[in-house]
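K.L.:
This is coords.cif, which holds mmCIF, C-alpha atoms:
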```
data_model
#
loop_
_atom_site.label_atom_id
_atom_site.label_comp_id
_atom_site.auth_asym_id
_atom_site.auth_seq_id
_atom_site.Cartn_x
_atom_site.Cartn_y
_atom_site.Cartn_z
CA SER A 23 122.41 116.73 119.58
CA GLY A 24 118.75 117.64 119.24
CA LEU A 25 119.62 121.25 118.43
CA ASP A 26 119.69 121.03 114.64
CA PRO A 27 116.19 120.90 113.14
CA HIS A 28 117.51 119.07 110.06
CA VAL A 29 118.52 115.53 109.15
CA SER A 30 120.46 114.52 106.08
CA SER A 31 118.59 113.27 103.04
CA GLY A 32 120.16 109.86 103.62
CA ALA A 33 118.94 109.72 107.21
CA ALA A 34 115.43 110.68 106.11
CA ALA A 35 115.46 108.07 103.33
CA PHE A 36 116.62 105.42 105.80
CA GLN A 37 113.58 106.14 108.00
CA ILE A 38 110.86 106.25 105.31
CA ALA A 39 109.57 102.73 105.97
CA ARG A 40 109.45 103.35 109.72
CA MET A 41 107.63 106.67 109.30
CA ALA A 42 105.12 105.08 106.92
CA THR A 43 104.42 102.21 109.30
CA ALA A 44 104.06 104.51 112.31
CA ARG A 45 101.59 106.73 110.47
CA GLY A 46 99.69 104.03 108.59
CA MET A 47 100.78 105.37 105.21
CA LYS A 48 102.26 103.85 102.09
CA PRO A 49 106.05 104.25 101.89
CA ASP A 50 105.87 105.75 98.40
CA ARG A 51 103.69 108.63 99.69
CA VAL A 52 106.15 109.34 102.49
CA ALA A 53 109.09 109.10 100.05
CA ALA A 54 107.43 111.60 97.71
CA LEU A 55 106.87 113.99 100.61
CA VAL A 56 110.49 113.66 101.73
CA GLU A 57 111.65 114.34 98.17
CA GLY A 58 109.41 117.40 97.94
CA LEU A 59 110.78 118.86 101.18
CA LEU A 60 114.43 118.22 100.34
CA GLN A 61 116.47 121.39 100.81
CA GLN A 62 119.49 121.57 98.54
CA PRO A 63 122.87 122.80 99.80
CA GLU A 64 123.36 126.56 100.04
CA LEU A 65 124.65 127.92 96.72
CA GLY A 66 124.54 124.34 95.48
CA ILE A 67 127.77 123.37 97.26
CA LEU A 68 127.72 124.37 100.93
CA GLY A 69 126.68 121.47 103.13
CA PRO A 70 124.61 118.39 102.42
CA ALA A 71 121.06 118.19 101.15
CA ARG A 72 118.78 118.08 104.18
CA ILE A 73 115.22 117.76 105.46
CA ASN A 74 113.69 120.00 108.13
CA VAL A 75 112.19 117.51 110.59
CA LEU A 76 109.52 119.89 111.89
CA GLU A 77 108.30 120.69 108.37
CA LEU A 78 108.24 116.98 107.55
CA ASN A 79 106.23 116.11 110.65
CA LEU A 80 103.73 118.91 110.03
CA ALA A 81 103.29 117.79 106.41
CA LEU A 82 102.83 114.18 107.54
CA ASP A 83 100.18 115.34 110.03
CA GLU A 84 98.28 117.06 107.20
CA MET A 85 98.35 113.87 105.11
CA ARG A 86 97.00 111.71 107.92
CA PRO A 87 94.69 109.05 106.43
#
```
For this file, write the structure as structure tokens.

P.N.:
Amino acid sequence: SGLDPHVSSGAAAFQIARMATARGMKPDRVAALVEGLLQQPELGILGPARINVLELNLALDEMRP
């Protein structure tokens, strides 16, 4: 819907190669960043693990080669 600032960990993992290509980075660097920004479910059980897209994009900007 464009309202939720998060994507699932699976959706982020699916897009790692595309993000790496678009930013001229190695996929393993992007994957490590995604893993580092992974937010676990609330209380360990409420909802899926997720990635905040804004935080990911800002971190990718900082890593620009």

K.L.:
So how many Å separate atom CA of A:Val56 and atom CA of A:Ser31, to one decimal?

P.N.:
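Straight-line distance from atom CA of A:Val56 to atom CA of A:Ser31 works out to 8.2 Å.
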
K.L.:
Could you tell me which residues the PyMOL selection byres ((chain A and resi 62) around 6) grabs in this file, written as a short mmCIF file (atom, residue, chain, number, x, y, z; two decimals) with C-alpha atoms, keeping the file's coordinate frame?

P.N.:
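Saved to result-v9.cif:
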```
data_model
loop_
_atom_site.label_atom_id
_atom_site.label_comp_id
_atom_site.auth_asym_id
_atom_site.auth_seq_id
_atom_site.Cartn_x
_atom_site.Cartn_y
_atom_site.Cartn_z
CA GLN A 61 116.47 121.39 100.81
CA PRO A 63 122.87 122.80 99.80
CA ALA A 71 121.06 118.19 101.15
#
```

K.L.:
Take atom CA of A:Ser30 and atom CA of A:Met85 and report the distance between them in Å, one decimal.

P.N.:
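If I compute the distance from atom CA of A:Ser30 to atom CA of A:Met85, I get 22.1 Å.
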
K.L.:
For the provided coordinates, the residues matched by the PyMOL selection byres ((chain A and resi 34-46) around 10) should be stated as a list of chain:residue names.

P.N.:
A:His28, A:Val29, A:Ser30, A:Ser31, A:Gly32, A:Ala33, A:Met47, A:Lys48, A:Pro49, A:Asp50, A:Arg51, A:Val52, A:Ala53, A:Ala54, A:Leu55, A:Val56, A:Glu57, A:Leu60, A:Arg72, A:Ile73, A:Asn74, A:Val75, A:Leu78, A:Asn79, A:Leu82, A:Asp83, A:Met85, A:Arg86, A:Pro87

K.L.:
Please produce stretch 45-77 of chain A, completed to N, CA and C atoms, as a PDB file, in the coordinates of the input.

P.N.:
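The result, written out as rebuild-v2.pdb:
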```pdb
ATOM      1  N   ARG A  45     102.716 105.845 110.797  1.00  0.00           N
ATOM      2  CA  ARG A  45     101.590 106.730 110.470  1.00  0.00           C
ATOM      3  C   ARG A  45     100.520 106.050 109.637  1.00  0.00           C
ATOM      4  N   GLY A  46     100.679 104.754 109.370  1.00  0.00           N
ATOM      5  CA  GLY A  46      99.690 104.030 108.590  1.00  0.00           C
ATOM      6  C   GLY A  46      99.592 104.498 107.159  1.00  0.00           C
ATOM      7  N   MET A  47     100.734 104.858 106.577  1.00  0.00           N
ATOM      8  CA  MET A  47     100.780 105.370 105.210  1.00  0.00           C
ATOM      9  C   MET A  47     101.591 104.448 104.332  1.00  0.00           C
ATOM     10  N   LYS A  48     101.444 104.608 103.030  1.00  0.00           N
ATOM     11  CA  LYS A  48     102.260 103.850 102.090  1.00  0.00           C
ATOM     12  C   LYS A  48     103.638 104.507 101.994  1.00  0.00           C
ATOM     13  N   PRO A  49     104.694 103.694 101.961  1.00  0.00           N
ATOM     14  CA  PRO A  49     106.050 104.250 101.890  1.00  0.00           C
ATOM     15  C   PRO A  49     106.284 105.168 100.691  1.00  0.00           C
ATOM     16  N   ASP A  50     105.640 104.892  99.565  1.00  0.00           N
ATOM     17  CA  ASP A  50     105.870 105.750  98.400  1.00  0.00           C
ATOM     18  C   ASP A  50     105.311 107.155  98.606  1.00  0.00           C
ATOM     19  N   ARG A  51     104.226 107.292  99.377  1.00  0.00           N
ATOM     20  CA  ARG A  51     103.690 108.630  99.690  1.00  0.00           C
ATOM     21  C   ARG A  51     104.642 109.401 100.597  1.00  0.00           C
ATOM     22  N   VAL A  52     105.197 108.695 101.582  1.00  0.00           N
ATOM     23  CA  VAL A  52     106.150 109.340 102.490  1.00  0.00           C
ATOM     24  C   VAL A  52     107.418 109.717 101.719  1.00  0.00           C
ATOM     25  N   ALA A  53     107.885 108.828 100.851  1.00  0.00           N
ATOM     26  CA  ALA A  53     109.090 109.100 100.050  1.00  0.00           C
ATOM     27  C   ALA A  53     108.881 110.328  99.160  1.00  0.00           C
ATOM     28  N   ALA A  54     107.707 110.444  98.561  1.00  0.00           N
ATOM     29  CA  ALA A  54     107.430 111.600  97.710  1.00  0.00           C
ATOM     30  C   ALA A  54     107.414 112.892  98.533  1.00  0.00           C
ATOM     31  N   LEU A  55     106.882 112.812  99.731  1.00  0.00           N
ATOM     32  CA  LEU A  55     106.870 113.990 100.610  1.00  0.00           C
ATOM     33  C   LEU A  55     108.287 114.379 101.004  1.00  0.00           C
ATOM     34  N   VAL A  56     109.089 113.395 101.378  1.00  0.00           N
ATOM     35  CA  VAL A  56     110.490 113.660 101.730  1.00  0.00           C
ATOM     36  C   VAL A  56     111.212 114.315 100.553  1.00  0.00           C
ATOM     37  N   GLU A  57     111.003 113.776  99.374  1.00  0.00           N
ATOM     38  CA  GLU A  57     111.650 114.340  98.170  1.00  0.00           C
ATOM     39  C   GLU A  57     111.209 115.778  97.935  1.00  0.00           C
ATOM     40  N   GLY A  58     109.931 116.054  98.152  1.00  0.00           N
ATOM     41  CA  GLY A  58     109.410 117.400  97.940  1.00  0.00           C
ATOM     42  C   GLY A  58     109.917 118.421  98.951  1.00  0.00           C
ATOM     43  N   LEU A  59     110.287 117.955 100.136  1.00  0.00           N
ATOM     44  CA  LEU A  59     110.780 118.860 101.180  1.00  0.00           C
ATOM     45  C   LEU A  59     112.307 118.940 101.232  1.00  0.00           C
ATOM     46  N   LEU A  60     112.963 118.243 100.354  1.00  0.00           N
ATOM     47  CA  LEU A  60     114.430 118.220 100.340  1.00  0.00           C
ATOM     48  C   LEU A  60     114.976 119.613 100.070  1.00  0.00           C
ATOM     49  N   GLN A  61     115.824 120.083 100.953  1.00  0.00           N
ATOM     50  CA  GLN A  61     116.470 121.390 100.810  1.00  0.00           C
ATOM     51  C   GLN A  61     117.886 121.159 100.295  1.00  0.00           C
ATOM     52  N   GLN A  62     118.175 121.734  99.157  1.00  0.00           N
ATOM     53  CA  GLN A  62     119.490 121.570  98.540  1.00  0.00           C
ATOM     54  C   GLN A  62     120.535 122.397  99.293  1.00  0.00           C
ATOM     55  N   PRO A  63     121.804 122.046  99.135  1.00  0.00           N
ATOM     56  CA  PRO A  63     122.870 122.800  99.800  1.00  0.00           C
ATOM     57  C   PRO A  63     122.844 124.282  99.395  1.00  0.00           C
ATOM     58  N   GLU A  64     123.272 125.133 100.319  1.00  0.00           N
ATOM     59  CA  GLU A  64     123.360 126.560 100.040  1.00  0.00           C
ATOM     60  C   GLU A  64     124.307 126.787  98.856  1.00  0.00           C
ATOM     61  N   LEU A  65     123.872 127.601  97.927  1.00  0.00           N
ATOM     62  CA  LEU A  65     124.650 127.920  96.720  1.00  0.00           C
ATOM     63  C   LEU A  65     125.011 126.664  95.929  1.00  0.00           C
ATOM     64  N   GLY A  66     124.310 125.577  96.204  1.00  0.00           N
ATOM     65  CA  GLY A  66     124.540 124.340  95.480  1.00  0.00           C
ATOM     66  C   GLY A  66     125.751 123.540  95.919  1.00  0.00           C
ATOM     67  N   ILE A  67     126.544 124.078  96.865  1.00  0.00           N
ATOM     68  CA  ILE A  67     127.770 123.370  97.260  1.00  0.00           C
ATOM     69  C   ILE A  67     128.042 123.363  98.759  1.00  0.00           C
ATOM     70  N   LEU A  68     127.404 124.234  99.514  1.00  0.00           N
ATOM     71  CA  LEU A  68     127.720 124.370 100.930  1.00  0.00           C
ATOM     72  C   LEU A  68     126.835 123.465 101.785  1.00  0.00           C
ATOM     73  N   GLY A  69     127.400 122.398 102.274  1.00  0.00           N
ATOM     74  CA  GLY A  69     126.680 121.470 103.130  1.00  0.00           C
ATOM     75  C   GLY A  69     125.906 120.434 102.353  1.00  0.00           C
ATOM     76  N   PRO A  70     125.356 119.470 103.074  1.00  0.00           N
ATOM     77  CA  PRO A  70     124.610 118.390 102.420  1.00  0.00           C
ATOM     78  C   PRO A  70     123.151 118.792 102.169  1.00  0.00           C
ATOM     79  N   ALA A  71     122.498 118.045 101.299  1.00  0.00           N
ATOM     80  CA  ALA A  71     121.060 118.190 101.150  1.00  0.00           C
ATOM     81  C   ALA A  71     120.439 117.739 102.467  1.00  0.00           C
ATOM     82  N   ARG A  72     119.326 118.370 102.860  1.00  0.00           N
ATOM     83  CA  ARG A  72     118.780 118.080 104.180  1.00  0.00           C
ATOM     84  C   ARG A  72     117.264 118.221 104.186  1.00  0.00           C
ATOM     85  N   ILE A  73     116.664 117.700 105.252  1.00  0.00           N
ATOM     86  CA  ILE A  73     115.220 117.760 105.460  1.00  0.00           C
ATOM     87  C   ILE A  73     114.982 118.425 106.818  1.00  0.00           C
ATOM     88  N   ASN A  74     114.078 119.392 106.863  1.00  0.00           N
ATOM     89  CA  ASN A  74     113.690 120.000 108.130  1.00  0.00           C
ATOM     90  C   ASN A  74     112.674 119.061 108.777  1.00  0.00           C
ATOM     91  N   VAL A  75     113.012 118.511 109.928  1.00  0.00           N
ATOM     92  CA  VAL A  75     112.190 117.510 110.590  1.00  0.00           C
ATOM     93  C   VAL A  75     110.831 118.073 111.006  1.00  0.00           C
ATOM     94  N   LEU A  76     110.793 119.292 111.500  1.00  0.00           N
ATOM     95  CA  LEU A  76     109.520 119.890 111.890  1.00  0.00           C
ATOM     96  C   LEU A  76     108.595 120.033 110.688  1.00  0.00           C
ATOM     97  N   GLU A  77     109.113 120.548 109.582  1.00  0.00           N
ATOM     98  CA  GLU A  77     108.300 120.690 108.370  1.00  0.00           C
ATOM     99  C   GLU A  77     107.790 119.337 107.898  1.00  0.00           C
TER     100      GLU A  77
END
```
